[in-house]
>>> print(open('structure_10.txt').read())   # compact mmCIF, C-alpha atoms
# COMPACT_ATOMS: atom_id res chain seq x y z
CA ASP A 1 -8.18 15.21 4.19
CA THR A 2 -6.65 11.86 3.18
CA GLU A 3 -3.58 12.12 5.34
CA VAL A 4 -1.98 9.43 7.42
CA THR A 5 0.90 10.67 9.53
CA GLN A 6 3.75 8.61 10.90
CA THR A 7 6.42 9.43 13.43
CA PRO A 8 9.34 9.34 13.55
CA LYS A 9 10.45 9.61 9.92
CA HIS A 10 13.74 7.89 10.70
CA LEU A 11 14.78 5.70 13.62
CA VAL A 12 18.09 4.08 14.46
CA MET A 13 18.04 1.60 17.32
CA GLY A 14 20.28 -1.00 18.85
CA MET A 15 19.28 -4.61 19.22
CA THR A 16 18.63 -4.21 22.95
CA ASN A 17 16.55 -1.04 22.66
CA LYS A 18 12.80 -0.63 22.99
CA LYS A 19 11.16 1.89 20.69
CA SER A 20 7.73 2.63 19.26
CA LEU A 21 6.42 3.77 15.91
CA LYS A 22 3.30 5.91 15.81
CA CYS A 23 0.60 6.32 13.18
CA GLU A 24 -2.36 8.67 13.19
CA GLN A 25 -5.33 9.37 10.93
CA HIS A 26 -8.34 11.65 11.32
CA MET A 27 -10.43 10.43 8.41
CA GLY A 28 -12.82 8.40 10.57
CA HIS A 29 -11.36 5.18 9.23
CA ARG A 30 -12.00 2.06 11.31
CA ALA A 31 -9.33 -0.19 9.80
CA MET A 32 -5.61 0.38 10.21
CA TYR A 33 -2.63 -1.58 8.94
CA TRP A 34 1.09 -2.06 9.39
CA TYR A 35 3.26 -3.04 6.44
CA LYS A 36 6.97 -3.76 6.19
CA GLN A 37 8.94 -2.93 3.05
CA LYS A 38 12.48 -4.06 2.43
CA ALA A 39 14.61 -2.24 -0.14
CA LYS A 40 13.51 -2.81 -3.75
CA LYS A 41 10.66 -5.09 -2.63
CA PRO A 42 6.90 -4.50 -2.46
CA PRO A 43 5.19 -3.80 0.88
CA GLU A 44 4.23 -6.85 2.94
CA LEU A 45 1.32 -6.86 5.35
CA MET A 46 2.12 -7.36 9.04
CA PHE A 47 -1.05 -6.54 11.02
CA VAL A 48 -4.65 -5.46 10.48
CA TYR A 49 -6.79 -3.73 13.08
CA SER A 50 -10.52 -3.47 12.53
CA TYR A 51 -12.59 -1.42 14.96
CA GLU A 52 -9.60 -1.30 17.31
CA LYS A 53 -9.29 -5.08 17.50
CA LEU A 54 -6.47 -7.08 15.99
CA SER A 55 -7.95 -8.98 13.05
CA ILE A 56 -4.89 -10.27 11.24
CA ASN A 57 -1.36 -11.07 12.35
CA GLU A 58 0.65 -12.34 9.39
CA SER A 59 2.86 -14.58 11.56
CA VAL A 60 4.94 -11.62 12.67
CA PRO A 61 7.62 -12.33 15.34
CA SER A 62 6.68 -11.28 18.85
CA ARG A 63 9.45 -8.68 18.93
CA PHE A 64 6.91 -6.57 16.99
CA SER A 65 3.91 -5.69 19.16
CA PRO A 66 1.05 -3.64 17.69
CA GLU A 67 -1.37 -1.56 19.70
CA CYS A 68 -4.48 0.40 18.74
CA PRO A 69 -5.34 2.71 21.66
CA ASN A 70 -8.26 4.32 19.79
CA SER A 71 -9.71 4.52 16.32
CA SER A 72 -7.29 7.24 15.22
CA LEU A 73 -4.03 5.87 16.58
CA LEU A 74 -1.89 2.85 15.80
CA ASN A 75 1.40 2.03 17.46
CA LEU A 76 4.06 -0.55 16.74
CA HIS A 77 6.23 -1.40 19.72
CA LEU A 78 9.69 -2.73 18.91
CA HIS A 79 11.90 -4.78 21.22
CA ALA A 80 15.04 -6.86 20.70
CA LEU A 81 15.05 -6.35 16.94
CA GLN A 82 17.58 -7.87 14.59
CA PRO A 83 19.54 -6.07 11.85
CA GLU A 84 17.41 -7.86 9.24
CA ASP A 85 14.38 -5.99 10.62
CA SER A 86 15.78 -2.81 9.11
CA ALA A 87 13.15 -1.63 6.62
CA LEU A 88 10.56 0.99 5.80
CA TYR A 89 7.53 0.53 8.05
CA LEU A 90 4.31 1.77 6.51
CA CYS A 91 1.01 2.49 8.17
CA ALA A 92 -2.25 2.60 6.22
CA SER A 93 -5.93 3.10 6.95
CA SER A 94 -9.23 2.45 5.20
CA LEU A 95 -12.86 3.15 5.95
CA GLU A 96 -13.38 -0.46 6.91
CA PHE A 97 -11.62 -3.78 6.35
CA THR A 98 -14.67 -5.59 4.99
CA GLY A 99 -17.91 -4.50 3.42
CA GLY A 100 -16.72 -2.46 0.47
CA PRO A 101 -13.85 -1.62 -1.88
CA ASN A 102 -12.15 0.22 0.98
CA GLU A 103 -9.09 1.62 -0.69
CA GLN A 104 -6.18 2.09 1.70
CA TYR A 105 -4.37 5.35 2.31
CA PHE A 106 -0.73 5.11 3.30
CA GLY A 107 1.49 7.24 5.47
CA PRO A 108 5.01 8.26 4.42
CA GLY A 109 6.62 5.51 6.48
CA THR A 110 9.28 5.23 9.16
CA ARG A 111 12.69 4.18 7.94
CA LEU A 112 14.10 1.91 10.65
CA THR A 113 17.75 0.93 10.96
CA VAL A 114 18.73 -1.70 13.54
CA THR A 115 22.40 -1.67 14.49
CA ASP B 1 0.99 -14.55 -3.84
CA ALA B 2 0.02 -11.63 -6.06
CA LYS B 3 -2.75 -12.44 -8.52
CA THR B 4 -1.47 -10.04 -11.17
CA THR B 5 1.30 -9.89 -13.74
CA GLN B 6 2.89 -6.60 -14.80
CA PRO B 7 5.92 -5.75 -16.96
CA PRO B 8 8.89 -4.98 -14.71
CA SER B 9 9.66 -1.65 -16.34
CA MET B 10 8.43 0.85 -18.93
CA ASP B 11 9.55 4.19 -20.31
CA CYS B 12 7.33 7.04 -21.41
CA ALA B 13 8.13 10.42 -22.93
CA GLU B 14 7.10 13.45 -20.92
CA GLY B 15 3.77 14.84 -22.09
CA ARG B 16 2.71 11.58 -23.72
CA ALA B 17 0.17 9.12 -22.38
CA ALA B 18 1.54 6.33 -20.23
CA ASN B 19 -0.34 3.05 -20.64
CA LEU B 20 0.47 0.50 -17.96
CA PRO B 21 -0.88 -3.02 -18.53
CA CYS B 22 -1.87 -5.58 -15.92
CA ASN B 23 -2.86 -9.18 -16.43
CA HIS B 24 -5.25 -10.78 -13.92
CA SER B 25 -6.53 -13.80 -15.79
CA THR B 26 -7.76 -15.61 -12.64
CA ILE B 27 -9.84 -12.72 -11.31
CA SER B 28 -13.17 -13.72 -9.77
CA GLY B 29 -16.48 -11.93 -10.12
CA ASN B 30 -16.33 -10.00 -6.86
CA GLU B 31 -12.72 -8.92 -7.05
CA TYR B 32 -11.85 -5.29 -7.67
CA VAL B 33 -8.79 -4.03 -9.56
CA TYR B 34 -6.80 -1.38 -7.68
CA TRP B 35 -3.86 0.70 -8.77
CA TYR B 36 -1.32 2.27 -6.45
CA ARG B 37 1.97 3.95 -7.11
CA GLN B 38 5.03 4.49 -4.97
CA ILE B 39 7.41 7.30 -5.63
CA HIS B 40 10.91 6.61 -4.35
CA SER B 41 11.07 6.28 -0.54
CA GLN B 42 7.48 7.46 -0.04
CA GLY B 43 4.37 5.55 1.00
CA PRO B 44 2.19 4.01 -1.72
CA GLN B 45 -0.40 6.38 -3.14
CA TYR B 46 -3.89 5.22 -4.09
CA ILE B 47 -4.72 6.02 -7.72
CA ILE B 48 -7.95 4.35 -8.77
CA HIS B 49 -10.02 1.18 -8.56
CA GLY B 50 -12.74 -0.50 -10.59
CA LEU B 51 -14.89 -3.61 -10.85
CA LYS B 52 -16.23 -3.90 -14.39
CA ASN B 53 -16.68 -0.48 -15.90
CA ASN B 54 -13.98 1.89 -16.98
CA GLU B 55 -13.20 4.52 -14.39
CA THR B 56 -11.65 7.96 -14.54
CA ASN B 57 -10.57 10.42 -11.89
CA GLU B 58 -8.29 13.44 -11.72
CA MET B 59 -5.19 11.27 -11.73
CA ALA B 60 -5.82 8.52 -14.26
CA SER B 61 -8.18 6.32 -16.23
CA LEU B 62 -8.67 2.61 -15.69
CA ILE B 63 -9.72 0.48 -18.64
CA ILE B 64 -10.88 -3.06 -17.78
CA THR B 65 -11.44 -5.55 -20.59
CA GLU B 66 -14.88 -7.04 -20.99
CA ASP B 67 -13.74 -10.45 -19.74
CA ARG B 68 -11.99 -8.67 -16.83
CA LYS B 69 -8.80 -10.67 -17.38
CA SER B 70 -6.67 -7.61 -17.93
CA SER B 71 -6.67 -3.88 -17.38
CA THR B 72 -4.72 -0.78 -18.36
CA LEU B 73 -3.96 2.26 -16.27
CA ILE B 74 -3.66 5.40 -18.38
CA LEU B 75 -1.87 8.53 -17.25
CA PRO B 76 -3.00 10.93 -19.99
CA HIS B 77 -0.11 13.41 -19.93
CA ALA B 78 2.84 11.94 -18.05
CA THR B 79 5.17 14.28 -16.20
CA LEU B 80 8.55 13.66 -14.58
CA ARG B 81 6.74 13.50 -11.23
CA ASP B 82 4.89 10.40 -12.42
CA THR B 83 8.11 8.39 -12.32
CA ALA B 84 7.32 5.67 -9.78
CA VAL B 85 6.61 1.98 -9.24
CA TYR B 86 3.00 1.23 -10.19
CA TYR B 87 1.23 -1.65 -8.50
CA CYS B 88 -1.86 -3.41 -9.85
CA ILE B 89 -3.73 -5.35 -7.15
CA VAL B 90 -6.77 -7.60 -7.33
CA ARG B 91 -8.76 -7.89 -4.13
CA ASN B 92 -12.16 -8.90 -2.79
CA TYR B 93 -13.87 -7.40 0.28
CA GLY B 94 -12.12 -8.40 3.44
CA GLN B 95 -9.04 -9.70 1.67
CA ASN B 96 -5.57 -8.36 2.21
CA PHE B 97 -3.91 -6.10 -0.34
CA VAL B 98 -1.11 -8.23 -1.79
CA PHE B 99 1.49 -6.17 -3.63
CA GLY B 100 3.42 -7.76 -6.47
CA PRO B 101 6.69 -6.40 -7.88
CA GLY B 102 4.85 -3.74 -9.93
CA THR B 103 6.01 -1.81 -12.99
CA ARG B 104 8.77 0.75 -12.69
CA LEU B 105 7.68 3.64 -14.92
CA SER B 106 10.35 6.09 -15.99
CA VAL B 107 9.10 9.32 -17.56
CA LEU B 108 11.83 10.71 -19.76
CA PRO B 109 12.31 14.41 -20.63
>>> encode(input="structure_10.txt", output="structure tokens")
Amino acid sequence: DTEVTQTPKHLVMGMTNKKSLKCEQHMGHRAMYWYKQKAKKPPELMFVYSYEKLSINESVPSRFSPECPNSSLLNLHLHALQPEDSALYLCASSLEFTGGPNEQYFGPGTRLTVT
Amino acid sequence: DAKTTQPPSMDCAEGRAANLPCNHSTISGNEYVYWYRQIHSQGPQYIIHGLKNNETNEMASLIITEDRKSSTLILPHATLRDTAVYYCIVRNYGQNFVFGPGTRLSVLP
């Protein structure tokens, strides 16, 4: 099973709303990632969690708040977003972050629209 | 910045082999070559990776030149469902995956 699931598939939110994106994997992976992908652009890394601890934050604005409650779950909490934050948000996981080739497996993404 | 260079687009006839090139002339000894693809509006899909030797799996073959400065992903019998953006990524352990613009492959009937 190489499946990463993400919910919701689509999300429309206003600039004053608070919402959360959820990601789940049951492959025993210990590294999880959030990427952002704007239309017709490649994915860009936002955050890396390794063994449930935040390892990398790619200078992401604080209106995006990641959380890793356990090794299978990754959340992205959203607050006071701007219309330019509208994008496809992708979650990925890998066996580990360091120590091997560690190919990443991606979920289908959440398409976010900020109005 | 991405460490690879790929043609922006390619066409391939259905049923023929699709050969997607990637240039990574600054690759270092410990860096792996990975290939992913992204079908429209879906998450990227892992295809294959390699270090020095050629690799093959059920999806594709990866041919890496002896000097490791370039590689080719081969889809042996392309189908319409292989139409996607293909990303070639060079990465060492513990480094981020940095996606470049990729190659948009169109498989034509």
>>> residues_around(input="structure_10.txt", residues="Ala31 (chain A)", least_positions_apart="3", cutoff="10 Å", atoms="only C-alpha atoms", output="PDB file with C-alpha atoms, keeping the file's coordinate frame")
ATOM      1  CA  GLY A  28     -12.820   8.400  10.570  1.00  0.00           C
ATOM      2  CA  VAL A  48      -4.650  -5.460  10.480  1.00  0.00           C
ATOM      3  CA  TYR A  49      -6.790  -3.730  13.080  1.00  0.00           C
ATOM      4  CA  SER A  50     -10.520  -3.470  12.530  1.00  0.00           C
ATOM      5  CA  TYR A  51     -12.590  -1.420  14.960  1.00  0.00           C
ATOM      6  CA  GLU A  52      -9.600  -1.300  17.310  1.00  0.00           C
ATOM      7  CA  LYS A  53      -9.290  -5.080  17.500  1.00  0.00           C
ATOM      8  CA  LEU A  54      -6.470  -7.080  15.990  1.00  0.00           C
ATOM      9  CA  SER A  55      -7.950  -8.980  13.050  1.00  0.00           C
ATOM     10  CA  SER A  71      -9.710   4.520  16.320  1.00  0.00           C
ATOM     11  CA  SER A  72      -7.290   7.240  15.220  1.00  0.00           C
ATOM     12  CA  ALA A  92      -2.250   2.600   6.220  1.00  0.00           C
ATOM     13  CA  SER A  93      -5.930   3.100   6.950  1.00  0.00           C
ATOM     14  CA  SER A  94      -9.230   2.450   5.200  1.00  0.00           C
ATOM     15  CA  LEU A  95     -12.860   3.150   5.950  1.00  0.00           C
ATOM     16  CA  GLU A  96     -13.380  -0.460   6.910  1.00  0.00           C
ATOM     17  CA  PHE A  97     -11.620  -3.780   6.350  1.00  0.00           C
ATOM     18  CA  THR A  98     -14.670  -5.590   4.990  1.00  0.00           C
ATOM     19  CA  ASN A 102     -12.150   0.220   0.980  1.00  0.00           C
ATOM     20  CA  GLN A 104      -6.180   2.090   1.700  1.00  0.00           C
TER      21      GLN A 104
END
>>> interface_residues(input="structure_10.txt", of="chain A", to="chain B", cutoff="7 Å", atoms="only C-alpha atoms", output="list in words")
Lys41, Pro42, Pro43, Leu90, Phe97, Thr98, Gly99, Gly100, Pro101, Gln104, Tyr105, Phe106, Gly107, Pro108 and Gly109 of chain A
>>> closest_residue(input="structure_10.txt", among="A:Ser62, A:Thr110, A:Gln82, A:Leu45", to="Met32 (chain A)", atoms="only C-alpha atoms")
A:Leu45
>>> atom_distance(input="structure_10.txt", atom1="CA of Met46 (chain A)", atom2="CA of Thr5 (chain B)")
22.9 Å
>>> atom_distance(input="structure_10.txt", atom1="CA of Asn57 (chain B)", atom2="CA of Lys40 (chain A)")
28.7 Å
>>> residues_near_point(input="structure_10.txt", point="(-2.7, -0.6, 15.1)", cutoff="8 Å", atoms="all atoms listed in the file", output="compact mmCIF listing (two decimals) with C-alpha atoms, keeping the file's coordinate frame")
# COMPACT_ATOMS: atom_id res chain seq x y z
CA CYS A 23 0.60 6.32 13.18
CA MET A 32 -5.61 0.38 10.21
CA TYR A 33 -2.63 -1.58 8.94
CA TRP A 34 1.09 -2.06 9.39
CA PHE A 47 -1.05 -6.54 11.02
CA VAL A 48 -4.65 -5.46 10.48
CA TYR A 49 -6.79 -3.73 13.08
CA GLU A 52 -9.60 -1.30 17.31
CA LEU A 54 -6.47 -7.08 15.99
CA PRO A 66 1.05 -3.64 17.69
CA GLU A 67 -1.37 -1.56 19.70
CA CYS A 68 -4.48 0.40 18.74
CA PRO A 69 -5.34 2.71 21.66
CA LEU A 73 -4.03 5.87 16.58
CA LEU A 74 -1.89 2.85 15.80
CA ASN A 75 1.40 2.03 17.46
CA LEU A 76 4.06 -0.55 16.74
>>> atom_distance(input="structure_10.txt", atom1="CA of Cys12 (chain B)", atom2="CA of Glu3 (chain A)")
29.3 Å
>>> residues_around(input="structure_10.txt", residues="region 65-70 of chain B", least_positions_apart="6", cutoff="8 Å", atoms="only C-alpha atoms", output="list of chain:residue names")
B:Pro21, B:Cys22, B:Asn23, B:His24, B:Ser25, B:Thr26, B:Ile27, B:Lys52
>>> residues_around(input="structure_10.txt", residues="Thr103 (chain B)", least_positions_apart="5", cutoff="7 Å", atoms="all atoms listed in the file", output="PDB file with C-alpha atoms, in the coordinates of the input")
ATOM      1  CA  GLN B   6       2.890  -6.600 -14.800  1.00  0.00           C
ATOM      2  CA  PRO B   7       5.920  -5.750 -16.960  1.00  0.00           C
ATOM      3  CA  PRO B   8       8.890  -4.980 -14.710  1.00  0.00           C
ATOM      4  CA  SER B   9       9.660  -1.650 -16.340  1.00  0.00           C
ATOM      5  CA  MET B  10       8.430   0.850 -18.930  1.00  0.00           C
ATOM      6  CA  VAL B  85       6.610   1.980  -9.240  1.00  0.00           C
ATOM      7  CA  TYR B  86       3.000   1.230 -10.190  1.00  0.00           C
ATOM      8  CA  TYR B  87       1.230  -1.650  -8.500  1.00  0.00           C
TER       9      TYR B  87
END
>>> build_atoms(input="structure_10.txt", residues="region 79-90 of chain A", atoms="N, CA, C and O atoms", output="PDB file, in the coordinates of the input")
ATOM      1  N   HIS A  79      11.030  -4.344  20.119  1.00  0.00           N
ATOM      2  CA  HIS A  79      11.900  -4.780  21.220  1.00  0.00           C
ATOM      3  C   HIS A  79      12.784  -5.917  20.735  1.00  0.00           C
ATOM      4  O   HIS A  79      12.303  -6.866  20.135  1.00  0.00           O
ATOM      5  N   ALA A  80      14.077  -5.799  21.024  1.00  0.00           N
ATOM      6  CA  ALA A  80      15.040  -6.860  20.700  1.00  0.00           C
ATOM      7  C   ALA A  80      15.026  -7.185  19.208  1.00  0.00           C
ATOM      8  O   ALA A  80      14.968  -8.354  18.809  1.00  0.00           O
ATOM      9  N   LEU A  81      15.056  -6.136  18.389  1.00  0.00           N
ATOM     10  CA  LEU A  81      15.050  -6.350  16.940  1.00  0.00           C
ATOM     11  C   LEU A  81      16.403  -6.826  16.443  1.00  0.00           C
ATOM     12  O   LEU A  81      17.434  -6.693  17.126  1.00  0.00           O
ATOM     13  N   GLN A  82      16.389  -7.376  15.252  1.00  0.00           N
ATOM     14  CA  GLN A  82      17.580  -7.870  14.590  1.00  0.00           C
ATOM     15  C   GLN A  82      17.939  -6.941  13.426  1.00  0.00           C
ATOM     16  O   GLN A  82      17.058  -6.239  12.895  1.00  0.00           O
ATOM     17  N   PRO A  83      19.185  -6.930  12.996  1.00  0.00           N
ATOM     18  CA  PRO A  83      19.540  -6.070  11.850  1.00  0.00           C
ATOM     19  C   PRO A  83      18.692  -6.325  10.613  1.00  0.00           C
ATOM     20  O   PRO A  83      18.395  -5.388   9.858  1.00  0.00           O
ATOM     21  N   GLU A  84      18.237  -7.564  10.423  1.00  0.00           N
ATOM     22  CA  GLU A  84      17.410  -7.860   9.240  1.00  0.00           C
ATOM     23  C   GLU A  84      16.009  -7.257   9.326  1.00  0.00           C
ATOM     24  O   GLU A  84      15.249  -7.301   8.355  1.00  0.00           O
ATOM     25  N   ASP A  85      15.662  -6.694  10.473  1.00  0.00           N
ATOM     26  CA  ASP A  85      14.380  -5.990  10.620  1.00  0.00           C
ATOM     27  C   ASP A  85      14.466  -4.565  10.095  1.00  0.00           C
ATOM     28  O   ASP A  85      13.441  -3.852  10.060  1.00  0.00           O
ATOM     29  N   SER A  86      15.630  -4.138   9.698  1.00  0.00           N
ATOM     30  CA  SER A  86      15.780  -2.810   9.110  1.00  0.00           C
ATOM     31  C   SER A  86      14.945  -2.743   7.837  1.00  0.00           C
ATOM     32  O   SER A  86      15.065  -3.608   6.955  1.00  0.00           O
ATOM     33  N   ALA A  87      14.089  -1.727   7.750  1.00  0.00           N
ATOM     34  CA  ALA A  87      13.150  -1.630   6.620  1.00  0.00           C
ATOM     35  C   ALA A  87      12.386  -0.327   6.735  1.00  0.00           C
ATOM     36  O   ALA A  87      12.526   0.429   7.700  1.00  0.00           O
ATOM     37  N   LEU A  88      11.529  -0.096   5.746  1.00  0.00           N
ATOM     38  CA  LEU A  88      10.560   0.990   5.800  1.00  0.00           C
ATOM     39  C   LEU A  88       9.261   0.417   6.358  1.00  0.00           C
ATOM     40  O   LEU A  88       8.733  -0.563   5.818  1.00  0.00           O
ATOM     41  N   TYR A  89       8.770   1.000   7.443  1.00  0.00           N
ATOM     42  CA  TYR A  89       7.530   0.530   8.050  1.00  0.00           C
ATOM     43  C   TYR A  89       6.417   1.510   7.700  1.00  0.00           C
ATOM     44  O   TYR A  89       6.490   2.707   8.013  1.00  0.00           O
ATOM     45  N   LEU A  90       5.399   0.966   7.048  1.00  0.00           N
ATOM     46  CA  LEU A  90       4.310   1.770   6.510  1.00  0.00           C
ATOM     47  C   LEU A  90       3.029   1.514   7.280  1.00  0.00           C
ATOM     48  O   LEU A  90       2.686   0.375   7.576  1.00  0.00           O
TER      49      LEU A  90
END
